[in-house]
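Quick look at input.cif (mmCIF, C-alpha atoms):
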```cif
data_final
#
loop_
_atom_site.label_atom_id
_atom_site.label_comp_id
_atom_site.auth_asym_id
_atom_site.auth_seq_id
_atom_site.Cartn_x
_atom_site.Cartn_y
_atom_site.Cartn_z
CA MET A 1 4.60 -15.59 14.25
CA ILE A 2 4.35 -15.12 18.01
CA LYS A 3 6.89 -17.91 18.57
CA THR A 4 9.31 -16.20 16.15
CA ILE A 5 8.99 -12.87 17.95
CA VAL A 6 9.51 -14.52 21.35
CA ASN A 7 12.61 -16.37 20.14
CA ALA A 8 13.95 -13.19 18.53
CA TRP A 9 13.49 -11.29 21.80
CA LYS A 10 15.80 -13.77 23.53
CA VAL A 11 18.70 -12.78 21.25
CA ALA A 12 20.33 -9.62 22.66
CA ASP A 13 21.34 -8.17 19.29
CA ILE A 14 17.90 -8.66 17.72
CA ARG A 15 16.21 -7.39 20.88
CA LYS A 16 18.09 -4.09 20.50
CA LYS A 17 16.90 -3.85 16.90
CA ILE A 18 13.29 -4.49 17.94
CA LEU A 19 13.47 -1.83 20.64
CA PHE A 20 15.05 0.63 18.20
CA THR A 21 12.26 -0.06 15.69
CA ALA A 22 9.63 0.44 18.40
CA PHE A 23 11.24 3.77 19.34
CA ILE A 24 11.14 4.97 15.71
CA ILE A 25 7.46 3.98 15.48
CA LEU A 26 6.79 5.93 18.68
CA VAL A 27 8.48 9.01 17.17
CA PHE A 28 6.38 8.57 14.03
CA ARG A 29 3.13 8.37 15.98
CA ILE A 30 4.05 11.40 18.11
CA GLY A 31 4.71 13.41 14.96
CA SER A 32 1.36 12.23 13.59
CA VAL A 33 -0.51 14.15 16.32
CA ILE A 34 1.54 17.38 16.36
CA PRO A 35 -0.42 20.02 14.38
CA VAL A 36 1.12 22.17 11.68
CA PRO A 37 1.42 25.89 12.60
CA PHE A 38 -1.31 28.27 11.34
CA LEU A 39 -3.91 25.53 10.95
CA ASN A 40 -7.26 25.51 12.75
CA ILE A 41 -8.61 21.96 12.42
CA THR A 42 -10.82 21.02 15.36
CA ASP A 43 -12.57 18.04 13.75
CA ALA A 44 -11.36 15.63 11.09
CA ILE A 45 -11.54 17.35 7.71
CA ASP A 46 -13.15 14.26 6.13
CA ALA A 47 -16.05 14.25 8.59
CA ASP A 48 -18.43 15.81 6.03
CA ILE A 49 -16.92 14.15 2.96
CA LYS A 50 -18.74 11.14 1.57
CA GLY A 51 -17.72 8.71 -1.09
CA ASN A 52 -14.34 7.90 -2.54
CA THR A 53 -11.91 10.84 -2.73
CA ILE A 54 -8.19 11.38 -2.48
CA ILE A 55 -8.79 12.40 1.15
CA THR A 56 -10.19 8.98 2.06
CA TYR A 57 -7.18 7.36 0.34
CA MET A 58 -4.70 9.62 2.16
CA THR A 59 -6.51 9.02 5.46
CA LEU A 60 -6.04 5.29 4.95
CA MET A 61 -2.34 5.57 4.11
CA THR A 62 -1.46 8.10 6.85
CA GLY A 63 -3.39 6.69 9.79
CA ASN A 64 -5.71 9.74 10.16
CA ALA A 65 -2.73 12.17 10.27
CA PHE A 66 -3.88 13.71 6.98
CA THR A 67 -7.35 14.56 8.29
CA TYR A 68 -6.01 16.52 11.27
CA GLY A 69 -3.26 18.49 9.49
CA THR A 70 -0.28 17.20 11.46
CA ILE A 71 3.40 17.54 10.54
CA PHE A 72 3.40 13.95 9.21
CA ALA A 73 0.17 14.48 7.22
CA MET A 74 1.85 13.41 3.96
CA SER A 75 3.23 10.29 5.67
CA ILE A 76 5.13 7.85 3.47
CA THR A 77 2.92 8.22 0.38
CA PRO A 78 5.36 10.52 -1.52
CA TYR A 79 8.10 7.91 -1.10
CA ILE A 80 5.80 5.12 -2.30
CA ASN A 81 4.81 7.18 -5.34
CA ALA A 82 8.46 8.05 -6.02
CA SER A 83 9.46 4.38 -5.86
CA ILE A 84 6.70 3.43 -8.30
CA ILE A 85 7.72 6.24 -10.67
CA MET A 86 11.36 5.11 -10.59
CA GLN A 87 10.31 1.52 -11.36
CA LEU A 88 8.30 2.67 -14.36
CA LEU A 89 11.08 4.97 -15.58
CA ALA A 90 13.59 2.12 -15.31
CA VAL A 91 11.55 0.29 -17.95
CA ALA A 92 11.35 3.31 -20.26
CA ILE A 93 14.87 4.80 -19.77
CA PRO A 94 17.81 2.50 -20.68
CA ALA A 95 20.24 4.42 -18.42
CA LEU A 96 18.16 3.66 -15.33
CA GLU A 97 17.79 0.04 -16.41
CA ARG A 98 21.58 -0.25 -16.62
CA LEU A 99 21.89 1.26 -13.14
CA GLN A 100 19.60 -1.43 -11.76
CA LYS A 101 21.90 -4.11 -13.17
CA GLU A 102 25.10 -2.59 -11.77
CA GLY A 103 24.66 -4.16 -8.36
CA GLU A 104 25.02 -2.35 -5.06
CA GLU A 105 26.46 0.89 -6.50
CA GLY A 106 23.64 1.17 -9.02
CA ARG A 107 21.01 0.59 -6.33
CA LYS A 108 22.58 3.33 -4.19
CA LYS A 109 22.35 5.81 -7.06
CA ILE A 110 18.71 4.90 -7.72
CA ALA A 111 17.94 5.23 -4.00
CA SER A 112 19.50 8.70 -4.02
CA MET A 113 17.36 9.70 -7.02
CA THR A 114 14.28 8.31 -5.27
CA ARG A 115 14.95 10.57 -2.28
CA PHE A 116 15.02 13.68 -4.47
CA VAL A 117 11.83 12.61 -6.26
CA THR A 118 10.21 11.99 -2.86
CA VAL A 119 10.96 15.51 -1.65
CA ALA A 120 9.68 16.98 -4.93
CA LEU A 121 6.43 14.97 -4.71
CA GLY A 122 6.10 15.89 -1.04
CA LEU A 123 6.37 19.57 -1.98
CA LEU A 124 3.71 19.22 -4.69
CA GLN A 125 1.33 17.34 -2.40
CA SER A 126 1.90 19.87 0.38
CA LEU A 127 1.02 22.72 -2.00
CA ALA A 128 -2.17 20.97 -3.10
CA TYR A 129 -3.04 20.25 0.53
CA TYR A 130 -2.49 23.92 1.47
CA PHE A 131 -4.81 25.17 -1.28
CA TYR A 132 -7.48 22.71 -0.17
CA LEU A 133 -7.17 23.85 3.46
CA ARG A 134 -7.35 27.50 2.42
CA ALA A 135 -10.40 26.94 0.21
CA ASN A 136 -12.28 25.23 3.05
CA GLY A 137 -11.41 27.71 5.79
CA TYR A 138 -9.02 25.60 7.86
CA LEU A 139 -6.34 28.33 8.12
CA MET A 140 -5.95 30.57 11.17
CA MET A 141 -7.40 34.08 11.00
CA ASP A 142 -6.03 37.35 12.36
CA VAL A 143 -7.29 39.04 15.53
CA ASN A 144 -10.21 40.50 13.58
CA GLY A 145 -11.36 37.08 12.39
CA GLU A 146 -10.28 37.70 8.80
CA ALA A 147 -7.86 35.81 6.56
CA PHE A 148 -4.25 36.99 6.46
CA THR A 149 -3.25 39.18 3.53
CA GLY A 150 -0.03 40.41 1.97
CA PHE A 151 3.24 39.29 3.53
CA ASN A 152 1.48 37.53 6.41
CA ALA A 153 -0.48 35.33 3.98
CA VAL A 154 2.70 34.43 2.06
CA PHE A 155 4.57 33.68 5.29
CA GLN A 156 1.67 31.50 6.48
CA ALA A 157 1.65 29.53 3.21
CA VAL A 158 5.45 29.07 3.18
CA VAL A 159 5.50 27.79 6.78
CA ILE A 160 2.67 25.30 6.21
CA VAL A 161 4.11 23.92 2.95
CA LEU A 162 7.69 23.69 4.28
CA VAL A 163 6.62 21.98 7.51
CA LEU A 164 4.61 19.38 5.58
CA THR A 165 7.48 18.81 3.11
CA ALA A 166 9.98 18.52 5.97
CA GLY A 167 7.68 15.98 7.62
CA THR A 168 7.85 13.88 4.46
CA ALA A 169 11.66 13.99 4.49
CA VAL A 170 11.81 13.10 8.19
CA ILE A 171 9.52 10.08 7.73
CA MET A 172 11.67 8.89 4.82
CA TRP A 173 14.75 9.22 7.05
CA LEU A 174 13.02 7.35 9.90
CA GLY A 175 12.17 4.50 7.54
CA GLU A 176 15.78 4.27 6.37
CA GLN A 177 16.97 4.15 9.99
CA ILE A 178 14.73 1.14 10.62
CA THR A 179 16.19 -0.54 7.54
CA ILE A 180 19.79 0.19 8.63
CA SER A 181 19.68 -0.18 12.43
CA GLY A 182 16.32 -1.85 13.05
CA ILE A 183 14.77 -5.10 11.93
CA GLY A 184 14.67 -3.96 8.29
CA ASN A 185 11.94 -3.12 5.78
CA GLY A 186 11.59 0.34 7.36
CA ILE A 187 9.26 2.06 4.87
CA SER A 188 6.78 -0.81 5.02
CA ILE A 189 6.85 -0.89 8.82
CA ILE A 190 5.98 2.83 9.02
CA LEU A 191 3.11 2.25 6.60
CA PHE A 192 2.04 -0.71 8.74
CA ALA A 193 2.10 1.47 11.89
CA GLY A 194 -0.13 4.07 10.24
CA ILE A 195 -2.71 1.47 9.20
CA VAL A 196 -2.74 -0.28 12.59
CA SER A 197 -3.33 3.10 14.29
CA ARG A 198 -6.79 3.11 12.67
CA PHE A 199 -7.84 -0.01 14.56
CA PRO A 200 -9.32 1.95 17.51
CA THR A 201 -11.53 3.82 15.01
CA LEU A 202 -12.76 0.53 13.54
CA ILE A 203 -13.44 -0.95 16.99
CA THR A 204 -15.31 2.20 18.06
CA GLN A 205 -17.37 2.03 14.88
CA LEU A 206 -18.40 -1.57 15.59
CA PHE A 207 -19.31 -0.73 19.19
CA ASN A 208 -21.44 2.17 17.97
CA TYR A 209 -23.41 -0.26 15.82
CA LEU A 210 -23.99 -2.45 18.87
CA LYS A 211 -25.10 0.54 20.95
CA THR A 212 -28.03 1.11 18.61
CA GLY A 213 -29.63 -1.96 20.16
CA ARG A 214 -30.81 -3.31 16.81
CA THR A 215 -30.83 -7.10 16.60
CA VAL A 216 -29.46 -7.06 13.06
CA TYR A 217 -26.24 -5.38 14.22
CA LYS A 218 -25.84 -7.86 17.08
CA VAL A 219 -25.69 -10.55 14.39
CA LEU A 220 -23.66 -8.67 11.77
CA VAL A 221 -20.86 -7.33 14.01
CA PRO A 222 -19.67 -10.85 15.04
CA ILE A 223 -19.95 -11.91 11.39
CA VAL A 224 -17.70 -9.00 10.37
CA CYS A 225 -15.10 -10.00 12.98
CA VAL A 226 -15.10 -13.61 11.77
CA CYS A 227 -14.86 -12.47 8.13
CA PHE A 228 -11.81 -10.34 8.89
CA LEU A 229 -10.07 -13.30 10.55
CA LEU A 230 -10.88 -15.48 7.54
CA MET A 231 -9.59 -12.76 5.19
CA ILE A 232 -6.31 -12.59 7.09
CA ALA A 233 -5.90 -16.36 6.74
CA TYR A 234 -6.81 -16.04 3.06
CA ILE A 235 -4.19 -13.30 2.50
CA VAL A 236 -1.50 -15.40 4.21
CA PHE A 237 -2.41 -18.34 1.95
CA MET A 238 -2.31 -16.08 -1.12
CA ASP A 239 1.03 -14.56 -0.14
CA ASN A 240 2.67 -17.97 0.32
CA SER A 241 1.17 -19.57 -2.82
CA GLU A 242 3.52 -20.13 -5.73
CA ARG A 243 3.86 -22.13 -8.94
CA ARG A 244 7.10 -24.07 -9.21
CA LEU A 245 8.39 -24.58 -12.74
CA PRO A 246 10.71 -27.61 -12.91
CA VAL A 247 14.19 -26.82 -14.25
CA THR A 248 17.01 -29.24 -15.07
CA TYR A 249 20.65 -28.28 -15.60
CA ALA A 250 22.90 -30.17 -17.98
CA LYS A 251 26.22 -31.54 -16.78
CA ARG A 252 29.30 -29.55 -17.73
CA VAL A 253 32.99 -29.69 -16.89
CA VAL A 254 34.41 -26.68 -15.03
CA GLY A 255 38.16 -27.16 -14.57
CA ARG A 256 38.50 -30.70 -13.21
CA LYS A 257 35.02 -30.83 -11.70
CA MET A 258 31.74 -32.00 -13.14
CA MET A 259 29.08 -29.35 -12.46
CA GLY A 260 25.30 -29.39 -12.94
CA GLY A 261 23.13 -32.36 -13.59
CA GLN A 262 20.70 -31.52 -10.81
CA SER A 263 16.98 -30.79 -11.00
CA THR A 264 15.43 -27.81 -9.25
CA HIS A 265 12.52 -25.45 -9.76
CA MET A 266 11.81 -21.81 -10.58
CA PRO A 267 9.38 -20.38 -7.99
CA MET A 268 6.75 -17.97 -9.34
CA LYS A 269 4.44 -16.33 -6.82
CA VAL A 270 0.72 -16.36 -7.55
CA ASN A 271 0.35 -12.77 -6.37
CA MET A 272 3.39 -11.36 -8.17
CA SER A 273 2.32 -7.69 -8.07
CA GLY A 274 1.42 -7.53 -4.37
CA VAL A 275 -0.92 -4.73 -3.36
CA LEU A 276 0.10 -2.33 -6.17
CA PRO A 277 -2.86 -3.11 -8.51
CA VAL A 278 -5.28 -2.29 -5.68
CA ILE A 279 -3.46 0.97 -4.87
CA PHE A 280 -3.36 2.01 -8.54
CA ALA A 281 -7.04 1.18 -9.06
CA SER A 282 -8.25 2.98 -5.93
CA SER A 283 -6.11 6.03 -6.76
CA ILE A 284 -7.59 6.39 -10.25
CA LEU A 285 -11.17 5.85 -9.05
CA SER A 286 -10.68 8.52 -6.39
CA LEU A 287 -9.93 11.23 -8.98
CA PRO A 288 -13.58 11.98 -9.99
CA GLY A 289 -14.60 12.24 -6.33
CA THR A 290 -11.69 14.59 -5.70
CA VAL A 291 -12.75 16.84 -8.59
CA GLN A 292 -16.31 16.80 -7.24
CA MET A 293 -15.06 18.15 -3.89
CA PHE A 294 -13.97 21.39 -5.54
CA LEU A 295 -17.22 21.89 -7.49
CA SER A 296 -20.48 23.36 -6.26
CA SER A 297 -23.34 20.84 -6.42
CA ASP A 298 -25.58 23.53 -7.99
CA LYS A 299 -23.43 23.52 -11.13
CA TYR A 300 -23.99 19.87 -12.08
CA GLU A 301 -27.15 18.89 -10.22
CA GLY A 302 -29.68 17.26 -12.53
CA THR A 303 -27.15 16.92 -15.39
CA PHE A 304 -25.07 14.12 -16.86
CA TRP A 305 -22.20 14.98 -14.50
CA GLU A 306 -24.31 14.19 -11.44
CA LYS A 307 -24.80 10.62 -12.69
CA PHE A 308 -21.13 10.48 -13.65
CA PHE A 309 -19.93 11.46 -10.16
CA ASP A 310 -22.48 9.12 -8.51
CA ALA A 311 -21.05 6.21 -10.50
CA PHE A 312 -17.65 6.78 -8.86
CA GLN A 313 -18.96 6.77 -5.30
CA SER A 314 -17.81 3.78 -3.25
CA ASP A 315 -21.46 2.86 -2.50
CA SER A 316 -22.16 2.21 -6.19
CA TRP A 317 -22.25 -1.11 -8.01
CA TRP A 318 -20.64 0.65 -10.99
CA TYR A 319 -17.71 1.52 -8.75
CA ALA A 320 -17.32 -2.12 -7.68
CA GLY A 321 -17.33 -3.27 -11.31
CA LEU A 322 -14.78 -0.68 -12.42
CA TYR A 323 -12.63 -1.48 -9.40
CA PHE A 324 -12.59 -5.15 -10.37
CA LEU A 325 -11.61 -4.45 -14.00
CA LEU A 326 -8.87 -1.97 -13.03
CA ILE A 327 -7.32 -4.42 -10.56
CA ILE A 328 -7.03 -7.05 -13.31
CA PHE A 329 -5.64 -4.48 -15.78
CA PHE A 330 -2.96 -3.18 -13.41
CA ALA A 331 -2.02 -6.71 -12.33
CA TYR A 332 -1.21 -7.54 -15.96
CA PHE A 333 0.46 -4.16 -16.45
CA TYR A 334 2.78 -4.61 -13.47
CA SER A 335 3.54 -8.21 -14.40
CA THR A 336 4.46 -7.11 -17.93
CA ILE A 337 6.97 -4.47 -16.81
CA GLN A 338 8.52 -6.62 -14.06
CA TYR A 339 8.90 -10.01 -15.77
CA ASN A 340 10.40 -10.59 -19.19
CA PRO A 341 9.86 -14.21 -20.36
CA ILE A 342 12.45 -13.84 -23.14
CA GLU A 343 15.12 -12.69 -20.68
CA MET A 344 14.21 -15.48 -18.26
CA ALA A 345 14.51 -18.07 -21.03
CA ASN A 346 17.87 -16.64 -22.14
CA ASN A 347 19.21 -16.79 -18.59
CA LEU A 348 18.21 -20.44 -18.36
CA ARG A 349 19.98 -21.23 -21.63
CA LYS A 350 23.15 -19.38 -20.56
CA ASN A 351 23.30 -21.54 -17.44
CA ASN A 352 22.64 -24.77 -19.39
CA GLY A 353 19.20 -25.01 -17.84
CA ALA A 354 15.96 -26.06 -19.46
CA ILE A 355 12.33 -26.73 -18.60
CA PRO A 356 11.55 -30.42 -19.23
CA GLY A 357 9.45 -30.89 -22.36
CA PHE A 358 10.35 -27.51 -23.91
CA ARG A 359 13.28 -26.67 -26.17
CA PRO A 360 15.53 -23.74 -25.16
CA GLY A 361 14.76 -20.39 -26.73
CA LYS A 362 11.34 -19.38 -28.02
CA PRO A 363 9.41 -22.50 -26.89
CA THR A 364 10.67 -21.94 -23.33
CA SER A 365 9.82 -18.22 -23.36
CA ASP A 366 6.34 -18.96 -24.75
CA HIS A 367 5.73 -21.48 -21.98
CA ILE A 368 6.92 -19.03 -19.30
CA PHE A 369 4.69 -16.33 -20.81
CA LYS A 370 1.68 -18.65 -20.71
CA VAL A 371 2.34 -19.57 -17.07
CA LEU A 372 2.84 -15.90 -16.14
CA SER A 373 -0.45 -14.92 -17.79
CA ARG A 374 -2.41 -17.58 -15.94
CA LEU A 375 -0.76 -16.81 -12.60
CA THR A 376 -1.40 -13.08 -13.08
CA LEU A 377 -5.10 -13.71 -13.70
CA ILE A 378 -5.41 -15.99 -10.67
CA GLY A 379 -3.54 -13.50 -8.48
CA ALA A 380 -5.69 -10.60 -9.73
CA LEU A 381 -8.90 -12.53 -9.00
CA MET A 382 -7.67 -13.39 -5.50
CA LEU A 383 -6.78 -9.74 -4.90
CA SER A 384 -10.21 -8.67 -6.14
CA VAL A 385 -11.93 -10.87 -3.58
CA ILE A 386 -10.16 -9.07 -0.73
CA ALA A 387 -10.47 -5.57 -2.18
CA LEU A 388 -14.16 -5.87 -3.10
CA PHE A 389 -15.41 -7.67 0.00
CA PRO A 390 -15.86 -4.55 2.21
CA ILE A 391 -17.54 -2.67 -0.67
CA ILE A 392 -19.93 -5.47 -1.62
CA TYR A 393 -20.69 -6.20 2.04
CA THR A 394 -21.60 -2.54 2.59
CA LEU A 395 -23.80 -2.46 -0.54
CA ILE A 396 -25.68 -5.60 0.53
CA CYS A 397 -26.21 -4.21 4.04
CA ASP A 398 -27.52 -0.94 2.60
CA LEU A 399 -30.12 -2.87 0.65
CA ALA A 400 -31.01 -5.33 3.41
CA ILE A 401 -31.05 -3.08 6.50
CA PRO A 402 -33.75 -0.39 6.49
CA PRO A 403 -33.16 2.94 8.29
CA LEU A 404 -34.66 3.56 11.72
CA GLU A 405 -38.11 5.09 11.82
CA GLY A 406 -37.97 8.87 12.09
CA ALA A 407 -34.20 8.86 11.41
CA SER A 408 -32.19 9.86 8.36
CA GLU A 409 -31.61 7.44 5.51
CA ASP A 410 -27.97 7.10 6.58
CA SER A 411 -29.05 5.32 9.77
CA GLY A 412 -29.51 2.07 7.85
CA GLY A 413 -26.85 -0.20 6.38
CA MET A 414 -23.41 -0.93 7.73
CA THR A 415 -20.11 0.57 6.59
CA ILE A 416 -16.70 -1.08 7.07
CA SER A 417 -14.01 1.59 7.38
CA LEU A 418 -11.06 -0.84 7.14
CA GLY A 419 -10.72 -1.81 3.48
CA GLY A 420 -9.10 -4.73 1.76
CA THR A 421 -6.07 -2.63 0.84
CA SER A 422 -5.29 -2.12 4.51
CA LEU A 423 -5.52 -5.83 5.27
CA ILE A 424 -3.27 -6.79 2.34
CA ILE A 425 -0.59 -4.27 3.33
CA MET A 426 -0.83 -5.16 7.01
CA CYS A 427 -0.55 -8.93 6.47
CA GLY A 428 2.17 -8.57 3.83
CA VAL A 429 4.37 -6.40 6.06
CA ALA A 430 3.81 -8.68 9.06
CA LEU A 431 4.84 -11.77 7.07
CA GLU A 432 7.88 -10.03 5.62
CA THR A 433 8.95 -8.83 9.08
CA VAL A 434 8.70 -12.36 10.47
CA ARG A 435 10.84 -13.61 7.59
CA GLN A 436 13.43 -10.93 8.37
CA LEU A 437 13.54 -12.00 12.02
CA GLU A 438 13.84 -15.67 11.08
CA SER A 439 16.72 -14.98 8.69
CA GLN A 440 18.55 -12.92 11.33
CA MET A 441 18.09 -15.67 13.92
CA MET A 442 19.34 -18.26 11.47
CA MET A 443 22.51 -16.23 10.91
CA ARG A 444 23.16 -16.19 14.68
CA HIS A 445 22.36 -19.87 15.26
CA TYR A 446 24.13 -21.39 12.28
CA LYS A 447 25.73 -24.73 13.18
CA GLY A 448 29.05 -25.21 11.44
CA PHE A 449 30.85 -28.46 10.70
CA LEU A 450 32.60 -28.35 14.11
CA ASP A 451 29.21 -28.90 15.81
#
```

Do you think you could lay out the structure here as C-alpha cells?
Amino acid sequence: MIKTIVNAWKVADIRKKILFTAFIILVFRIGSVIPVPFLNITDAIDADIKGNTIITYMTLMTGNAFTYGTIFAMSITPYINASIIMQLLAVAIPALERLQKEGEEGRKKIASMTRFVTVALGLLQSLAYYFYLRANGYLMMDVNGEAFTGFNAVFQAVVIVLVLTAGTAVIMWLGEQITISGIGNGISIILFAGIVSRFPTLITQLFNYLKTGRTVYKVLVPIVCVCFLLMIAYIVFMDNSERRLPVTYAKRVVGRKMMGGQSTHMPMKVNMSGVLPVIFASSILSLPGTVQMFLSSDKYEGTFWEKFFDAFQSDSWWYAGLYFLLIIFFAYFYSTIQYNPIEMANNLRKNNGAIPGFRPGKPTSDHIFKVLSRLTLIGALMLSVIALFPIIYTLICDLAIPPLEGASEDSGGMTISLGGTSLIIMCGVALETVRQLESQMMMRHYKGFLD
C-alpha cells in the first residue's frame, strides 16, 4: 500500500488528485468542528449516555461531529441511507430496475434521485436532532436565562434545521468532487476520514487505562493493540477472498472468425455484502436504546421493560447473540436482492457458456444458488468475528477485572471504543483507494506494441 502511494505521488497528474482529495478532507474536518448557531454544547452530548443508542451509532459514523452539534453533524449518513433505500426500491419497482440497466444515462438519473432522497432524509434527521437537543437543554437561552418563545423560538428552530440540512448537502457535494476530480470513491473517503478522526480518542482511552497503574491494564493494552493489527490483516484476507466458479465457452463462428472455446472462471467474493449487514444489525439494535433515552427511568423501573431495555445494552450477552443472528440474516437478505442465480445462469447460456458438470438452465442456477448460500454463510460468520470481538472482549474484561477498592463499579473492566464496523469500513475503503490508484497508474504506464 505504501509503495503504491509513493509511486502514485511521482505521477504529476495523480499527485494533483491526491492533493485535491486531501484539501476536500481538510474542508470536511474544518466543518466538523464549526458549531451550529443557537446551540450551547460545552461537552459531548453522549458523555452521560450509556449503552447502544442511535447517538453512539451517529458518533461512530460522523467522527464525533454529531456529539458536538457542528454543521456537519449529520455527516454522510443520509446519503448512505438514501443509497440503500434506492437499492431496495430498485428490486421492488420495475421502473427503477430498468433505469439501472440503461447504462450511463440510467445511472445518472438514479444518482439524481438519490440526491433528492439524501436531502429529504437529512431534513428529517435534522428535525429529530433538533427536538432531542431542545428536550435536553442544549439550545441557547435569552438574556434572562429562559428558552426562546414565539417567533424567536421558530426562527431558532428553522436556522438549526436548515444549517444541519445544508451541511448534509455540502458533504454530499464534497464527496462527488472527490469522485470527479480526486482519486475517486469520494463518499467512502469522507466516511473513512470521519472514522480515522476518532483514533486520538481511542489512543487517549488506552493511555488512561495505563495511567491507572494497574498491572492488568499494562498487560491488556498491548494485547488490544496486537489484536487490532491481527484484525486488520484478517479483514484484508476476507476482502480479497473469493470462490472461482470454472466456466467454459463453446466455440462459435462469428463472421469468418472462430470465437470462444476458452476456459475462464466466474469470481464470487466470500464477503459479498461488505459491511452492510453489520450496519443494518447495529442500527436495529440501537432502536430500543434510543427509545429508552426519551423515557424516564421511574416509569419502567422494576418492570418487564427494564429487563427488555437491559437486554439491548451493548454490555449484554443477549445483545451479542442478537447481533450475531441479525448479521447472518441481513447477509442472506442482501445477497438475495443483489444476486439472481437464474439470471446469472441465463446470461451464461446466452453467451454459450456453461459450468463443467452442470447442464445449462435450472441445474446451473441451482448450483450457483448452492454456492451463493454457502459463501454467504461463510462471509457472515467472518463478519461476525470482527463485529463481535470488541463486544465479547469488553464483556470478558468486565467479568475478569474487579473494580478498584473504594471506587465505583465502572472502574473495573475495559471498554474498546473502536468497534468492528469501523475497522471493516476503514480497511475496505483503504483497499479500494489503493486499487483506484493502481488502475490510474496502469493507464498512464501502459506499454503499447511499439515498446

Within 12 Å of (10.0, 6.8, -12.1) (file coordinates; all atoms listed in the file), which protein or nucleic acid residues are there? I'd like them as a tab-separated table (two decimals) with C-alpha atoms, keeping the file's coordinate frame.
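Contents of point.tsv, as written:
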```
chain	number	residue	atom	x	y	z
A	79	TYR	CA	8.10	7.91	-1.10
A	80	ILE	CA	5.80	5.12	-2.30
A	81	ASN	CA	4.81	7.18	-5.34
A	82	ALA	CA	8.46	8.05	-6.02
A	83	SER	CA	9.46	4.38	-5.86
A	84	ILE	CA	6.70	3.43	-8.30
A	85	ILE	CA	7.72	6.24	-10.67
A	86	MET	CA	11.36	5.11	-10.59
A	87	GLN	CA	10.31	1.52	-11.36
A	88	LEU	CA	8.30	2.67	-14.36
A	89	LEU	CA	11.08	4.97	-15.58
A	90	ALA	CA	13.59	2.12	-15.31
A	91	VAL	CA	11.55	0.29	-17.95
A	92	ALA	CA	11.35	3.31	-20.26
A	93	ILE	CA	14.87	4.80	-19.77
A	96	LEU	CA	18.16	3.66	-15.33
A	97	GLU	CA	17.79	0.04	-16.41
A	110	ILE	CA	18.71	4.90	-7.72
A	111	ALA	CA	17.94	5.23	-4.00
A	113	MET	CA	17.36	9.70	-7.02
A	114	THR	CA	14.28	8.31	-5.27
A	115	ARG	CA	14.95	10.57	-2.28
A	116	PHE	CA	15.02	13.68	-4.47
A	117	VAL	CA	11.83	12.61	-6.26
A	118	THR	CA	10.21	11.99	-2.86
A	121	LEU	CA	6.43	14.97	-4.71
```

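CA of Ile342 (chain A) lies 22.7 Å from CA of Gly274 (chain A).
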
message: Once the PyMOL selection byres ((chain A and resi 265-271) around 9) has been evaluated on this model, what residues remain selected, and can you format them as a ChimeraX atom specification?
response: /A:238-248,263-264,272-275,331,355,372,375-380,382-383

- prompt: Looking at A:Thr77, A:Asn185, A:Thr21, A:Ser126, which one is nearest to Ala157 (chain A), with distances taken over all atoms listed in the file?
  reply: A:Ser126

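Shortest atom-to-atom contact with Ile183 (chain A) among A:Phe20, A:Tyr393, A:Phe369, A:Phe237: A:Phe20, counting all atoms listed in the file.
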
query: Distance CA of Asn352 (chain A)-CA of Ile337 (chain A), one decimal place?
result: 25.8 Å

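For the choices A:Leu39, A:Phe28, A:Leu229, A:Lys109, the atom-to-atom distance to Gly137 (chain A) is smallest for A:Leu39 when using only C-alpha atoms.
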
statement: The distance between CA of Ser283 (chain A) and CA of Ile55 (chain A) is 10.5 Å

Any chance you could work out the residue set of the PyMOL selection byres ((chain A and resi 133) around 12) here, as an mmCIF file with C-alpha atoms, keeping the file's coordinate frame?
```cif
data_model
loop_
_atom_site.group_PDB
_atom_site.id
_atom_site.type_symbol
_atom_site.label_atom_id
_atom_site.label_comp_id
_atom_site.auth_asym_id
_atom_site.auth_seq_id
_atom_site.Cartn_x
_atom_site.Cartn_y
_atom_site.Cartn_z
ATOM 1 C CA VAL A 36 1.120 22.170 11.680
ATOM 2 C CA PHE A 38 -1.310 28.270 11.340
ATOM 3 C CA LEU A 39 -3.910 25.530 10.950
ATOM 4 C CA ASN A 40 -7.260 25.510 12.750
ATOM 5 C CA ILE A 41 -8.610 21.960 12.420
ATOM 6 C CA ALA A 44 -11.360 15.630 11.090
ATOM 7 C CA ILE A 45 -11.540 17.350 7.710
ATOM 8 C CA ASP A 46 -13.150 14.260 6.130
ATOM 9 C CA ILE A 55 -8.790 12.400 1.150
ATOM 10 C CA PHE A 66 -3.880 13.710 6.980
ATOM 11 C CA THR A 67 -7.350 14.560 8.290
ATOM 12 C CA TYR A 68 -6.010 16.520 11.270
ATOM 13 C CA GLY A 69 -3.260 18.490 9.490
ATOM 14 C CA SER A 126 1.900 19.870 0.380
ATOM 15 C CA LEU A 127 1.020 22.720 -2.000
ATOM 16 C CA ALA A 128 -2.170 20.970 -3.100
ATOM 17 C CA TYR A 129 -3.040 20.250 0.530
ATOM 18 C CA TYR A 130 -2.490 23.920 1.470
ATOM 19 C CA PHE A 131 -4.810 25.170 -1.280
ATOM 20 C CA TYR A 132 -7.480 22.710 -0.170
ATOM 21 C CA ARG A 134 -7.350 27.500 2.420
ATOM 22 C CA ALA A 135 -10.400 26.940 0.210
ATOM 23 C CA ASN A 136 -12.280 25.230 3.050
ATOM 24 C CA GLY A 137 -11.410 27.710 5.790
ATOM 25 C CA TYR A 138 -9.020 25.600 7.860
ATOM 26 C CA LEU A 139 -6.340 28.330 8.120
ATOM 27 C CA MET A 140 -5.950 30.570 11.170
ATOM 28 C CA ALA A 157 1.650 29.530 3.210
ATOM 29 C CA ILE A 160 2.670 25.300 6.210
ATOM 30 C CA VAL A 161 4.110 23.920 2.950
ATOM 31 C CA PHE A 294 -13.970 21.390 -5.540
#
```

field: Non-local contacts of Met74 (chain A) (10 Å; all atoms listed in the file; under 4 positions in same chain excluded) as JSON, numbers by chain
entry: {"A": [32, 58, 59, 61, 62, 65, 66, 69, 70, 78, 79, 121, 122, 123, 125, 126, 129, 164, 165, 166, 167, 168, 169, 171]}

query: Any chance you could work out the residue set of the PyMOL selection byres ((chain A and resi 354) around 12) here, as number ranges by chain?
result: A: 245-251, 260-266, 344-353, 355-365, 367-368

field: Which residue of A:Gly103, A:Pro200, A:Gly150, A:Gly182 approaches Asn64 (chain A) most closely, using all atoms listed in the file
entry: A:Pro200
